[in-house]
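Asks: My structure is stored as model_36.cif, with mmCIF, C-alpha atoms.
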```
data_run
#
loop_
_atom_site.label_atom_id
_atom_site.label_comp_id
_atom_site.auth_asym_id
_atom_site.auth_seq_id
_atom_site.Cartn_x
_atom_site.Cartn_y
_atom_site.Cartn_z
CA MET A 1023 57.70 42.39 24.62
CA GLU A 1024 59.05 38.93 24.49
CA ARG A 1025 56.51 36.18 24.78
CA HIS A 1026 57.42 33.08 26.70
CA TYR A 1027 56.46 29.63 25.52
CA MET A 1028 57.48 26.36 27.06
CA ASP A 1029 59.72 24.52 24.65
CA SER A 1030 60.30 27.42 22.32
CA LYS A 1031 62.30 29.11 24.96
CA ILE A 1032 63.08 25.94 26.80
CA LYS A 1033 63.79 22.63 25.21
CA GLY A 1034 64.46 19.70 27.42
CA VAL A 1035 65.50 16.14 26.69
CA SER A 1036 66.78 13.20 28.65
CA THR A 1037 69.87 11.37 27.56
CA GLY A 1038 69.39 7.59 27.52
CA VAL A 1039 70.18 5.64 24.33
CA SER A 1040 69.59 1.92 24.02
CA ASN A 1041 70.16 -1.04 21.68
CA VAL A 1042 67.17 -3.28 22.33
CA ASN A 1043 67.75 -4.03 26.03
CA TYR A 1044 71.18 -2.58 26.50
CA VAL A 1045 71.63 1.08 27.32
CA CYS A 1046 74.71 1.98 25.32
CA SER A 1047 74.99 5.51 26.58
CA LYS A 1048 73.54 7.50 29.43
CA THR A 1049 74.88 10.87 28.40
CA ILE A 1050 73.86 11.60 24.83
CA ASN A 1051 72.87 15.17 24.04
CA LYS A 1052 69.69 15.00 22.01
CA LEU A 1053 69.48 18.74 21.44
CA ILE A 1054 71.15 19.46 18.12
CA GLN A 1055 71.84 23.04 17.12
CA VAL A 1056 70.91 23.54 13.47
CA HIS A 1057 71.44 27.29 13.46
CA ASP A 1058 72.31 30.14 15.83
CA ARG A 1059 68.85 30.36 17.34
CA ILE A 1060 67.28 27.10 16.17
CA PHE A 1061 67.55 23.72 17.88
CA CYS A 1062 66.15 20.27 17.17
CA CYS A 1063 65.18 17.67 19.78
CA ILE A 1064 65.62 14.19 18.34
CA ALA A 1065 63.76 10.98 19.17
CA GLY A 1066 63.53 7.52 17.64
CA SER A 1067 66.37 5.84 15.80
CA LEU A 1068 69.37 7.96 16.71
CA ALA A 1069 71.21 6.98 13.52
CA ASP A 1070 68.32 8.24 11.40
CA ALA A 1071 67.95 11.36 13.51
CA GLN A 1072 71.63 12.24 13.24
CA ALA A 1073 71.61 11.71 9.48
CA VAL A 1074 68.56 13.92 9.05
CA THR A 1075 69.80 16.72 11.30
CA LYS A 1076 73.21 16.81 9.64
CA THR A 1077 71.58 17.16 6.21
CA ALA A 1078 69.10 19.73 7.54
CA LYS A 1079 71.88 21.76 9.16
CA PHE A 1080 73.64 22.02 5.82
CA GLN A 1081 70.49 22.96 3.91
CA ILE A 1082 69.47 25.57 6.48
CA SER A 1083 72.96 27.05 6.46
CA LEU A 1084 72.91 27.37 2.68
CA HIS A 1085 69.42 28.85 2.74
CA SER A 1086 70.48 31.41 5.33
CA ILE A 1087 73.50 32.48 3.26
CA GLN A 1088 71.42 32.81 0.11
CA MET A 1089 68.75 34.85 1.92
CA GLU A 1090 71.40 36.95 3.66
CA SER A 1091 69.51 36.74 6.95
CA PRO A 1092 69.03 34.26 9.80
CA PRO A 1093 66.56 31.52 8.82
CA LEU A 1094 62.98 31.45 10.06
CA VAL A 1095 62.19 28.66 12.52
CA LYS A 1096 59.39 27.67 10.17
CA ALA A 1097 61.89 27.27 7.35
CA ALA A 1098 64.10 25.02 9.45
CA ALA A 1099 61.11 22.93 10.50
CA SER A 1100 60.04 22.70 6.86
CA VAL A 1101 63.44 21.38 5.85
CA MET A 1102 63.16 18.65 8.52
CA LYS A 1103 59.65 17.86 7.31
CA GLU A 1104 60.69 17.52 3.66
CA LEU A 1105 63.44 15.09 4.61
CA CYS A 1106 61.13 13.02 6.86
CA TYR A 1107 58.20 12.95 4.46
CA ASN A 1108 60.16 12.14 1.31
CA ASN A 1109 62.04 9.33 3.06
CA LYS A 1110 59.23 8.12 5.28
CA GLU A 1111 59.66 4.44 4.32
CA GLU A 1112 63.25 4.26 5.50
CA LEU A 1113 63.31 6.65 8.44
CA GLN A 1114 62.14 6.17 11.98
CA ALA A 1115 62.75 9.45 13.78
CA GLY A 1116 60.65 12.29 15.18
CA PHE A 1117 61.77 15.85 15.82
CA ILE A 1118 60.80 18.92 17.73
CA THR A 1119 62.20 22.06 16.07
CA ALA A 1120 62.15 25.19 18.16
CA GLY A 1121 63.85 28.53 18.27
CA TRP A 1122 63.61 32.25 17.89
CA ASP A 1123 63.43 34.43 14.79
CA LYS A 1124 62.81 38.10 14.18
CA LYS A 1125 59.52 37.65 12.33
CA LYS A 1126 57.46 35.65 14.84
CA GLY A 1127 59.62 35.42 17.93
CA PRO A 1128 59.75 32.11 19.82
CA GLN A 1129 58.10 29.16 18.05
CA VAL A 1130 57.73 25.40 18.44
CA TYR A 1131 57.16 22.94 15.59
CA THR A 1132 56.82 19.20 15.76
CA VAL A 1133 57.65 16.84 12.89
CA ALA A 1134 56.11 13.43 13.53
CA LEU A 1135 57.18 10.00 12.25
CA GLY A 1136 55.49 10.13 8.83
CA GLY A 1137 56.44 13.72 8.14
CA MET A 1138 53.51 15.73 9.54
CA LEU A 1139 54.45 19.29 10.51
CA LEU A 1140 52.51 21.09 13.23
CA SER A 1141 52.99 24.42 14.93
CA LEU A 1142 52.09 24.29 18.62
CA PRO A 1143 52.50 26.43 21.73
CA PHE A 1144 54.21 23.49 23.39
CA THR A 1145 54.82 19.86 22.64
CA ILE A 1146 56.31 16.63 23.96
CA GLY A 1147 57.76 13.64 22.12
CA GLY A 1148 59.70 10.39 22.35
CA SER A 1149 58.95 7.10 24.11
CA GLY A 1150 58.74 8.65 27.57
CA SER A 1151 56.27 11.31 26.45
CA THR A 1152 53.23 9.01 26.76
CA TYR A 1153 53.65 9.01 30.54
CA ILE A 1154 53.51 12.77 30.83
CA TYR A 1155 50.62 13.70 28.51
CA GLY A 1156 48.33 13.91 31.53
CA TYR A 1157 50.82 15.92 33.56
CA THR A 1158 51.59 18.43 30.79
CA ASP A 1159 47.92 18.82 29.85
CA ALA A 1160 47.15 19.62 33.47
CA LYS A 1161 50.11 21.85 34.27
CA TYR A 1162 50.73 23.85 31.09
CA LYS A 1163 49.41 27.38 30.96
CA PRO A 1164 50.17 29.95 28.26
CA ASP A 1165 52.56 32.85 28.92
CA MET A 1166 54.67 31.34 31.65
CA SER A 1167 57.82 33.07 32.80
CA ARG A 1168 61.29 31.65 32.09
CA GLU A 1169 61.62 30.18 35.59
CA GLU A 1170 58.14 28.64 35.44
CA CYS A 1171 58.98 27.13 32.06
CA LEU A 1172 62.25 25.68 33.32
CA GLN A 1173 60.49 24.19 36.35
CA PHE A 1174 57.69 22.77 34.20
CA ALA A 1175 60.15 21.18 31.73
CA THR A 1176 62.36 19.79 34.50
CA ASN A 1177 59.42 18.28 36.38
CA ALA A 1178 57.94 16.76 33.22
CA LEU A 1179 61.29 15.23 32.24
CA ALA A 1180 61.89 13.89 35.73
CA LEU A 1181 58.47 12.21 35.79
CA ALA A 1182 58.98 10.65 32.35
CA MET A 1183 62.48 9.46 33.21
CA GLY A 1184 61.06 7.89 36.37
CA ARG A 1185 58.65 5.72 34.41
CA ASP A 1186 60.29 5.02 31.03
CA ASN A 1187 63.03 2.43 31.16
CA VAL A 1188 64.76 3.77 28.05
CA SER A 1189 64.80 7.40 29.18
CA GLY A 1190 67.23 8.52 31.81
CA GLY A 1191 70.68 9.71 32.69
CA VAL A 1192 70.99 13.46 32.47
CA ALA A 1193 68.45 16.14 31.59
CA HIS A 1194 69.54 18.70 28.99
CA LEU A 1195 67.68 21.97 28.73
CA VAL A 1196 68.27 24.86 26.36
CA VAL A 1197 66.83 28.34 26.70
CA ILE A 1198 66.65 30.21 23.37
CA THR A 1199 65.90 33.90 23.27
CA GLU A 1200 66.61 36.88 21.07
CA GLY A 1201 69.70 37.51 23.15
CA GLY A 1202 71.22 34.08 22.79
CA VAL A 1203 71.27 30.46 23.82
CA GLU A 1204 71.79 29.07 27.33
CA HIS A 1205 72.40 25.43 28.20
CA VAL A 1206 71.20 23.97 31.48
CA VAL A 1207 72.32 20.46 32.41
CA ILE A 1208 70.76 18.64 35.34
CA PRO A 1209 72.32 15.35 36.41
CA GLY A 1210 69.95 12.52 37.38
CA ASP A 1211 70.46 12.83 41.11
CA LYS A 1212 69.64 16.56 41.10
CA LEU A 1213 66.27 16.10 39.40
CA PRO A 1214 63.09 16.77 41.39
CA LYS A 1215 61.94 13.72 43.35
CA PHE A 1216 58.35 12.64 43.79
CA HIS A 1217 56.48 10.75 46.44
CA ASP A 1218 57.67 7.24 45.64
CA GLU A 1219 61.42 7.98 45.53
CA LYS B 27 36.21 -25.67 25.31
CA MET B 28 39.28 -23.46 25.69
CA ALA B 29 40.74 -24.97 22.50
CA ALA B 30 37.55 -24.32 20.54
CA ALA B 31 37.51 -20.69 21.64
CA THR B 32 41.15 -20.24 20.64
CA ALA B 33 40.47 -21.88 17.25
CA THR B 34 37.55 -19.53 16.54
CA ARG B 35 39.63 -16.50 17.40
CA PHE B 36 42.43 -17.73 15.11
CA CYS B 37 40.01 -18.19 12.18
CA GLN B 38 38.56 -14.75 12.74
CA GLN B 39 41.99 -13.21 12.62
CA LEU B 40 42.71 -14.98 9.31
CA SER B 41 39.51 -13.78 7.63
CA SER B 42 39.50 -10.29 9.13
CA VAL B 43 42.15 -9.15 6.63
CA SER B 44 39.27 -7.99 4.40
CA ASP B 45 38.97 -4.20 4.16
CA MET B 46 35.39 -4.49 2.94
CA SER B 47 33.80 -5.24 6.31
CA PRO B 48 34.28 -2.77 9.18
CA ASP B 49 36.54 -3.96 11.98
CA TRP B 50 33.80 -3.97 14.56
CA THR B 51 32.20 -7.00 12.93
CA THR B 52 35.25 -9.11 13.71
CA LYS B 53 37.09 -7.51 16.60
CA GLU B 54 36.67 -8.78 20.12
CA VAL B 55 34.91 -6.61 22.64
CA SER B 56 37.48 -4.77 24.73
CA THR B 57 37.23 -2.47 27.69
CA GLY B 58 40.01 -0.20 26.32
CA THR B 59 39.90 1.81 29.46
CA THR B 60 41.39 3.87 32.16
CA ILE B 61 40.95 2.58 35.70
CA MET B 62 42.37 3.88 38.95
CA ALA B 63 42.29 3.17 42.68
CA VAL B 64 43.72 5.15 45.63
CA GLU B 65 43.99 4.25 49.31
CA TYR B 66 43.14 6.87 51.91
CA GLU B 67 42.79 6.91 55.69
CA GLY B 68 39.71 4.79 56.30
CA GLY B 69 39.02 3.43 52.83
CA VAL B 70 39.65 3.51 49.10
CA VAL B 71 38.46 5.57 46.16
CA ILE B 72 38.11 3.80 42.81
CA GLY B 73 37.28 5.21 39.40
CA ALA B 74 36.89 4.20 35.77
CA ASP B 75 35.81 5.56 32.40
CA SER B 76 32.78 4.09 30.64
CA ARG B 77 33.82 3.13 27.11
CA THR B 78 33.67 -0.42 25.68
CA THR B 79 34.94 -0.83 22.13
CA THR B 80 34.84 -3.44 19.39
CA GLY B 81 37.61 -2.13 17.20
CA ALA B 82 36.65 1.44 16.34
CA TYR B 83 32.97 1.10 17.31
CA ILE B 84 31.96 2.05 20.83
CA ALA B 85 29.77 -0.87 21.83
CA ASN B 86 28.79 0.65 25.16
CA ARG B 87 29.39 4.29 26.07
CA VAL B 88 28.00 4.02 29.60
CA THR B 89 29.74 0.85 30.81
CA ASP B 90 30.11 0.15 34.50
CA LYS B 91 33.62 -1.18 34.96
CA LEU B 92 33.49 -1.04 38.75
CA THR B 93 32.16 -4.46 39.68
CA PRO B 94 31.17 -5.43 43.22
CA ILE B 95 32.73 -8.66 44.41
CA HIS B 96 31.50 -8.43 47.98
CA ASP B 97 29.89 -5.84 50.25
CA ARG B 98 33.05 -3.78 50.68
CA ILE B 99 35.25 -5.18 47.89
CA PHE B 100 35.17 -4.00 44.27
CA CYS B 101 37.23 -4.69 41.20
CA CYS B 102 38.07 -2.38 38.29
CA ARG B 103 38.17 -4.26 34.98
CA SER B 104 40.36 -3.61 31.93
CA GLY B 105 41.25 -5.70 28.89
CA SER B 106 38.91 -8.21 27.28
CA ALA B 107 35.35 -7.57 28.45
CA ALA B 108 34.45 -11.25 28.23
CA ASP B 109 37.49 -12.43 30.15
CA THR B 110 37.12 -9.91 32.96
CA GLN B 111 33.39 -10.54 33.35
CA ALA B 112 33.99 -14.28 33.52
CA ILE B 113 36.78 -13.97 36.07
CA ALA B 114 34.80 -11.53 38.21
CA ASP B 115 31.81 -13.90 38.25
CA ILE B 116 34.03 -16.80 39.30
CA VAL B 117 35.73 -14.82 42.07
CA THR B 118 32.40 -13.46 43.33
CA TYR B 119 31.19 -17.02 43.75
CA GLN B 120 34.39 -18.24 45.38
CA LEU B 121 34.57 -15.30 47.77
CA GLY B 122 30.89 -15.56 48.71
CA PHE B 123 31.31 -19.23 49.53
CA HIS B 124 34.49 -18.54 51.53
CA SER B 125 32.78 -15.75 53.47
CA ILE B 126 29.88 -18.02 54.45
CA GLU B 127 32.28 -20.72 55.61
CA LEU B 128 34.27 -18.17 57.61
CA ASP B 129 31.12 -16.53 58.98
CA GLU B 130 32.65 -13.10 58.63
CA ALA B 131 33.44 -10.48 55.99
CA PRO B 132 36.27 -11.58 53.68
CA LEU B 133 39.62 -9.81 53.44
CA VAL B 134 40.53 -7.71 50.40
CA GLN B 135 43.77 -9.66 50.23
CA THR B 136 41.76 -12.88 49.87
CA ALA B 137 39.76 -11.47 46.96
CA ALA B 138 42.96 -10.25 45.33
CA ASN B 139 44.58 -13.66 45.68
CA LEU B 140 41.54 -15.34 44.12
CA PHE B 141 41.86 -13.02 41.11
CA LYS B 142 45.55 -13.73 40.91
CA ALA B 143 44.99 -17.49 41.05
CA SER B 144 42.67 -17.43 38.00
CA CYS B 145 44.66 -14.83 36.06
CA TYR B 146 47.97 -16.63 36.57
CA ARG B 147 46.75 -20.17 35.90
CA TYR B 148 45.09 -19.19 32.63
CA ARG B 149 47.52 -16.45 31.69
CA GLU B 150 48.00 -17.75 28.12
CA GLU B 151 44.28 -17.66 27.34
CA LEU B 152 43.29 -14.50 29.18
CA MET B 153 43.71 -10.78 28.52
CA ALA B 154 42.70 -9.17 31.80
CA GLY B 155 44.14 -6.31 33.86
CA ILE B 156 42.31 -5.98 37.16
CA ILE B 157 42.58 -3.67 40.15
CA VAL B 158 41.02 -5.06 43.36
CA ALA B 159 40.15 -2.51 46.03
CA GLY B 160 38.09 -2.42 49.18
CA TRP B 161 37.91 -2.11 52.93
CA ASP B 162 38.23 -4.77 55.61
CA LYS B 163 38.48 -4.77 59.37
CA ARG B 164 42.07 -6.03 59.57
CA ARG B 165 43.94 -3.64 57.29
CA GLY B 166 41.45 -0.88 56.39
CA GLY B 167 41.49 0.44 52.83
CA GLN B 168 43.67 -1.55 50.41
CA VAL B 169 44.44 -1.52 46.68
CA TYR B 170 45.86 -4.60 44.96
CA THR B 171 46.75 -4.70 41.29
CA VAL B 172 46.64 -7.88 39.16
CA PRO B 173 47.95 -6.88 35.72
CA VAL B 174 48.09 -9.03 32.56
CA GLY B 175 50.17 -12.10 33.35
CA GLY B 176 48.88 -12.63 36.85
CA MET B 177 51.23 -10.72 39.14
CA LEU B 178 49.82 -9.53 42.46
CA VAL B 179 51.11 -6.49 44.29
CA ARG B 180 49.65 -4.06 46.81
CA GLN B 181 50.10 -0.36 46.01
CA PRO B 182 48.82 2.83 47.65
CA VAL B 183 47.83 4.10 44.18
CA SER B 184 47.32 2.09 41.05
CA VAL B 185 46.31 2.95 37.48
CA GLY B 186 45.48 0.48 34.73
CA GLY B 187 44.15 0.09 31.23
CA SER B 188 45.26 1.57 27.92
CA GLY B 189 44.75 5.14 29.09
CA SER B 190 46.90 4.70 32.18
CA THR B 191 50.19 5.34 30.37
CA TYR B 192 49.23 8.99 29.83
CA ILE B 193 48.67 9.70 33.50
CA TYR B 194 51.68 8.12 35.19
CA GLY B 195 53.41 11.49 35.29
CA PHE B 196 50.31 13.25 36.62
CA MET B 197 49.79 10.58 39.26
CA ASP B 198 53.43 10.55 40.38
CA SER B 199 53.45 14.31 40.83
CA ASN B 200 50.01 14.77 42.39
CA TYR B 201 49.68 11.82 44.76
CA LYS B 202 50.78 12.34 48.33
CA PRO B 203 50.40 9.83 51.16
CA ASN B 204 47.64 10.36 53.75
CA MET B 205 45.17 12.28 51.62
CA THR B 206 41.53 12.78 52.59
CA LYS B 207 38.62 11.16 50.77
CA GLU B 208 37.77 14.42 48.98
CA GLN B 209 41.36 14.89 47.82
CA CYS B 210 41.38 11.33 46.49
CA LEU B 211 38.11 11.84 44.62
CA HIS B 212 39.57 15.03 43.14
CA LEU B 213 42.79 13.26 42.13
CA VAL B 214 41.00 10.31 40.54
CA SER B 215 38.49 12.39 38.59
CA GLY B 216 41.25 14.75 37.39
CA ALA B 217 43.51 11.91 36.29
CA LEU B 218 40.72 10.01 34.55
CA SER B 219 39.55 13.06 32.62
CA LEU B 220 43.13 13.71 31.41
CA ALA B 221 43.47 10.10 30.26
CA MET B 222 40.06 10.10 28.57
CA GLU B 223 41.07 13.22 26.68
CA ARG B 224 44.17 11.53 25.20
CA ASP B 225 43.27 7.84 24.90
CA GLY B 226 40.93 6.90 22.06
CA SER B 227 39.82 3.74 23.87
CA SER B 228 38.72 5.65 27.00
CA GLY B 229 35.86 8.10 27.29
CA GLY B 230 32.23 8.65 28.19
CA VAL B 231 31.48 9.37 31.83
CA ILE B 232 33.58 8.93 34.96
CA ARG B 233 32.26 6.41 37.47
CA LEU B 234 33.57 6.79 41.01
CA ALA B 235 33.08 4.80 44.20
CA ALA B 236 34.31 5.43 47.74
CA ILE B 237 34.49 2.30 49.90
CA SER B 238 34.88 2.51 53.67
CA GLU B 239 33.68 0.89 56.88
CA SER B 240 30.32 2.63 56.55
CA GLY B 241 29.66 1.30 53.05
CA VAL B 242 29.95 2.22 49.38
CA GLU B 243 29.13 5.64 47.90
CA ARG B 244 28.87 5.71 44.12
CA GLN B 245 28.77 8.72 41.84
CA VAL B 246 28.87 9.56 38.15
CA ILE B 247 30.49 12.58 36.53
CA LEU B 248 28.89 13.29 33.15
CA GLY B 249 30.75 14.48 30.06
CA ASN B 250 29.89 18.15 30.43
CA GLN B 251 30.84 18.14 34.11
CA LEU B 252 34.32 16.66 33.59
CA PRO B 253 37.23 18.61 35.11
CA LYS B 254 38.70 20.91 32.48
CA TRP B 255 42.34 21.77 31.91
CA SER B 256 43.82 24.82 30.29
CA THR B 257 44.67 23.22 26.94
CA ALA B 258 41.26 21.57 26.46
#
```
Represent the structure of the file as structure tokens.
Replies:
Amino acid sequence: MERHYMDSKIKGVSTGVSNVNYVCSKTINKLIQVHDRIFCCIAGSLADAQAVTKTAKFQISLHSIQMESPPLVKAAASVMKELCYNNKEELQAGFITAGWDKKKGPQVYTVALGGMLLSLPFTIGGSGSTYIYGYTDAKYKPDMSREECLQFATNALALAMGRDNVSGGVAHLVVITEGGVEHVVIPGDKLPKFHDE
Amino acid sequence: KMAAATATRFCQQLSSVSDMSPDWTTKEVSTGTTIMAVEYEGGVVIGADSRTTTGAYIANRVTDKLTPIHDRIFCCRSGSAADTQAIADIVTYQLGFHSIELDEAPLVQTAANLFKASCYRYREELMAGIIVAGWDKRRGGQVYTVPVGGMLVRQPVSVGGSGSTYIYGFMDSNYKPNMTKEQCLHLVSGALSLAMERDGSSGGVIRLAAISESGVERQVILGNQLPKWSTA
């Protein structure tokens, strides 16, 4: 039986990117695919994040070929962690690595700024995440269904985008299961609205 | 006197680079805090945590951050404990005097403007984020927020303090206009307990007060009675 976790099945990110006080793009996709069933959410300096994920993608690919099997999510997260920890002075990026593998099913790992690696049932990150710690603590429950997860992620993103001036634009969600990967894109005007909008 | 205070603070910052002495010997007392106020039909509900910190040391774990300014007007204090206590004392005096001259109960808007006047004039010296809430005959329950810098704005719901960032999402999704007093109390205690769980500068007990035409009802929710959430 497939177990359902928020953010291992469903990863959601908003799309705003800014240079100090100028938003240079409202439509960046911050969900990078590093392998068939493994994605990374990026936050922080986008230049650093792109550099790290490109390197990680290569290393995971090589690892997978050498092992002659799809990589474990834990292995992918470990690769990200090694890169972040060994270059902690220069880098300023945080990642959420999530996906599905045959050994443990859906998993979520977070790699924080200094290179700490944690396995969690669900997690949030980025500048807008501070505003939704209360909401996610209150609303998360284990073993949600796919629809509940999607609704939870969409609501959380919409609330964060409503309060954080550097989050916004479009919400990208990705559902990863044994069967495959599905992208869901929700433009800003189709996001759930709350009492003050 | 202001200059002398600033000079002392500057010297402290210079000498506090030492790792030998713990930071609570040199850090200023701060009400780290989560504070919140909600308007409902007939009054307001206000709430706060109870932690006062000097650096990493909790100087007071049972602080009362809900300060009466007049019979039906309270303020919630966040930021520097000294600054907010001083401002609250000044406004209490000014409002009391004004009320005697007027020979009737003062308006919440008046109290809020008095806070704003002090916070804005001395904005460079002060570190105070205050929520003013209460009930008056003209406009019923009202919540005014005076954040750092001295802005004044009326809001149906307001959160403040270091812990408030974590509950913006919760507040946005759970607040609805025209709630009852019980729903407001539930919302405030839920939001505060979530913030206290995440913010290191907030904690202790939850202090609540409901202010209406009939008066002020205060209550305390102790640590073991705090609302629990599934991840806790």
Asks: Could you write out as a ChimeraX atom specification the residues that the PyMOL selection byres ((chain A) within 12 of (chain B)) matches in the shown file?
Replies: /A:1142-1146,1149-1165,1174,1177-1186,1214-1219
Asks: Atoms to include: C-alpha atoms. Write the selected residues as a PDB file, keeping the file's coordinate frame.
Replies:
```pdb
ATOM      1  CA  LEU A1142      52.090  24.290  18.620  1.00  0.00           C
ATOM      2  CA  PRO A1143      52.500  26.430  21.730  1.00  0.00           C
ATOM      3  CA  PHE A1144      54.210  23.490  23.390  1.00  0.00           C
ATOM      4  CA  THR A1145      54.820  19.860  22.640  1.00  0.00           C
ATOM      5  CA  ILE A1146      56.310  16.630  23.960  1.00  0.00           C
ATOM      6  CA  SER A1149      58.950   7.100  24.110  1.00  0.00           C
ATOM      7  CA  GLY A1150      58.740   8.650  27.570  1.00  0.00           C
ATOM      8  CA  SER A1151      56.270  11.310  26.450  1.00  0.00           C
ATOM      9  CA  THR A1152      53.230   9.010  26.760  1.00  0.00           C
ATOM     10  CA  TYR A1153      53.650   9.010  30.540  1.00  0.00           C
ATOM     11  CA  ILE A1154      53.510  12.770  30.830  1.00  0.00           C
ATOM     12  CA  TYR A1155      50.620  13.700  28.510  1.00  0.00           C
ATOM     13  CA  GLY A1156      48.330  13.910  31.530  1.00  0.00           C
ATOM     14  CA  TYR A1157      50.820  15.920  33.560  1.00  0.00           C
ATOM     15  CA  THR A1158      51.590  18.430  30.790  1.00  0.00           C
ATOM     16  CA  ASP A1159      47.920  18.820  29.850  1.00  0.00           C
ATOM     17  CA  ALA A1160      47.150  19.620  33.470  1.00  0.00           C
ATOM     18  CA  LYS A1161      50.110  21.850  34.270  1.00  0.00           C
ATOM     19  CA  TYR A1162      50.730  23.850  31.090  1.00  0.00           C
ATOM     20  CA  LYS A1163      49.410  27.380  30.960  1.00  0.00           C
ATOM     21  CA  PRO A1164      50.170  29.950  28.260  1.00  0.00           C
ATOM     22  CA  ASP A1165      52.560  32.850  28.920  1.00  0.00           C
ATOM     23  CA  PHE A1174      57.690  22.770  34.200  1.00  0.00           C
ATOM     24  CA  ASN A1177      59.420  18.280  36.380  1.00  0.00           C
ATOM     25  CA  ALA A1178      57.940  16.760  33.220  1.00  0.00           C
ATOM     26  CA  LEU A1179      61.290  15.230  32.240  1.00  0.00           C
ATOM     27  CA  ALA A1180      61.890  13.890  35.730  1.00  0.00           C
ATOM     28  CA  LEU A1181      58.470  12.210  35.790  1.00  0.00           C
ATOM     29  CA  ALA A1182      58.980  10.650  32.350  1.00  0.00           C
ATOM     30  CA  MET A1183      62.480   9.460  33.210  1.00  0.00           C
ATOM     31  CA  GLY A1184      61.060   7.890  36.370  1.00  0.00           C
ATOM     32  CA  ARG A1185      58.650   5.720  34.410  1.00  0.00           C
ATOM     33  CA  ASP A1186      60.290   5.020  31.030  1.00  0.00           C
ATOM     34  CA  PRO A1214      63.090  16.770  41.390  1.00  0.00           C
ATOM     35  CA  LYS A1215      61.940  13.720  43.350  1.00  0.00           C
ATOM     36  CA  PHE A1216      58.350  12.640  43.790  1.00  0.00           C
ATOM     37  CA  HIS A1217      56.480  10.750  46.440  1.00  0.00           C
ATOM     38  CA  ASP A1218      57.670   7.240  45.640  1.00  0.00           C
ATOM     39  CA  GLU A1219      61.420   7.980  45.530  1.00  0.00           C
TER      40      GLU A1219
END
```
Asks: Could you list, as a ChimeraX atom specification, every residue matched by the PyMOL selection byres ((chain A and resi 1134-1141) around 12) in this structure?
Replies: /A:1029-1030,1063-1067,1070-1071,1095-1120,1128-1133,1142-1148
Asks: With C-alpha atoms retained, export the selected residues as a tab-separated table (two decimals), in the frame of the given file.
Replies:
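Produced file selection20.tsv, reproduced below:
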```tsv
chain	number	residue	atom	x	y	z
A	1029	ASP	CA	59.72	24.52	24.65
A	1030	SER	CA	60.30	27.42	22.32
A	1063	CYS	CA	65.18	17.67	19.78
A	1064	ILE	CA	65.62	14.19	18.34
A	1065	ALA	CA	63.76	10.98	19.17
A	1066	GLY	CA	63.53	7.52	17.64
A	1067	SER	CA	66.37	5.84	15.80
A	1070	ASP	CA	68.32	8.24	11.40
A	1071	ALA	CA	67.95	11.36	13.51
A	1095	VAL	CA	62.19	28.66	12.52
A	1096	LYS	CA	59.39	27.67	10.17
A	1097	ALA	CA	61.89	27.27	7.35
A	1098	ALA	CA	64.10	25.02	9.45
A	1099	ALA	CA	61.11	22.93	10.50
A	1100	SER	CA	60.04	22.70	6.86
A	1101	VAL	CA	63.44	21.38	5.85
A	1102	MET	CA	63.16	18.65	8.52
A	1103	LYS	CA	59.65	17.86	7.31
A	1104	GLU	CA	60.69	17.52	3.66
A	1105	LEU	CA	63.44	15.09	4.61
A	1106	CYS	CA	61.13	13.02	6.86
A	1107	TYR	CA	58.20	12.95	4.46
A	1108	ASN	CA	60.16	12.14	1.31
A	1109	ASN	CA	62.04	9.33	3.06
A	1110	LYS	CA	59.23	8.12	5.28
A	1111	GLU	CA	59.66	4.44	4.32
A	1112	GLU	CA	63.25	4.26	5.50
A	1113	LEU	CA	63.31	6.65	8.44
A	1114	GLN	CA	62.14	6.17	11.98
A	1115	ALA	CA	62.75	9.45	13.78
A	1116	GLY	CA	60.65	12.29	15.18
A	1117	PHE	CA	61.77	15.85	15.82
A	1118	ILE	CA	60.80	18.92	17.73
A	1119	THR	CA	62.20	22.06	16.07
A	1120	ALA	CA	62.15	25.19	18.16
A	1128	PRO	CA	59.75	32.11	19.82
A	1129	GLN	CA	58.10	29.16	18.05
A	1130	VAL	CA	57.73	25.40	18.44
A	1131	TYR	CA	57.16	22.94	15.59
A	1132	THR	CA	56.82	19.20	15.76
A	1133	VAL	CA	57.65	16.84	12.89
A	1142	LEU	CA	52.09	24.29	18.62
A	1143	PRO	CA	52.50	26.43	21.73
A	1144	PHE	CA	54.21	23.49	23.39
A	1145	THR	CA	54.82	19.86	22.64
A	1146	ILE	CA	56.31	16.63	23.96
A	1147	GLY	CA	57.76	13.64	22.12
A	1148	GLY	CA	59.70	10.39	22.35
```
Asks: Please indicate the distance in Å from atom CA of B:Gly249 to atom CA of B:His96, rounded to one decimal place.
Replies: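 Computing it gives 29.1 Å between the two atoms.
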Asks: Would you kindly return, as a list of chain:residue names, each protein, DNA or RNA residue with an atom no farther than 7 Å from any atom of stretch 174-177 of chain B, considering all atoms listed in the file and excluding same-chain residues fewer than 5 positions away?
Replies: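 Contacts, in chain order: B:Lys142, B:Cys145, B:Tyr146, B:Arg149, B:Met153, B:Ala154, B:Gly155.
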Asks: Work out how far atom CA of B:Val169 is from atom CA of B:Glu65, in Å to one decimal.
Replies: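 It comes out at 6.4 Å.
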Asks: Atom CA of B:Ile232 and atom CA of B:Arg87 are how many Å apart?
Replies: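 One can read the atom CA of B:Ile232 to atom CA of B:Arg87 distance as 10.9 Å.
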Asks: Can you turn the PyMOL selection byres ((chain A and resi 1092) around 10) into a concrete residue list for this file, as a PyMOL selection string?
Replies: chain A and resi 1057-1060+1082-1083+1085-1087+1089-1091+1093-1095+1122-1124
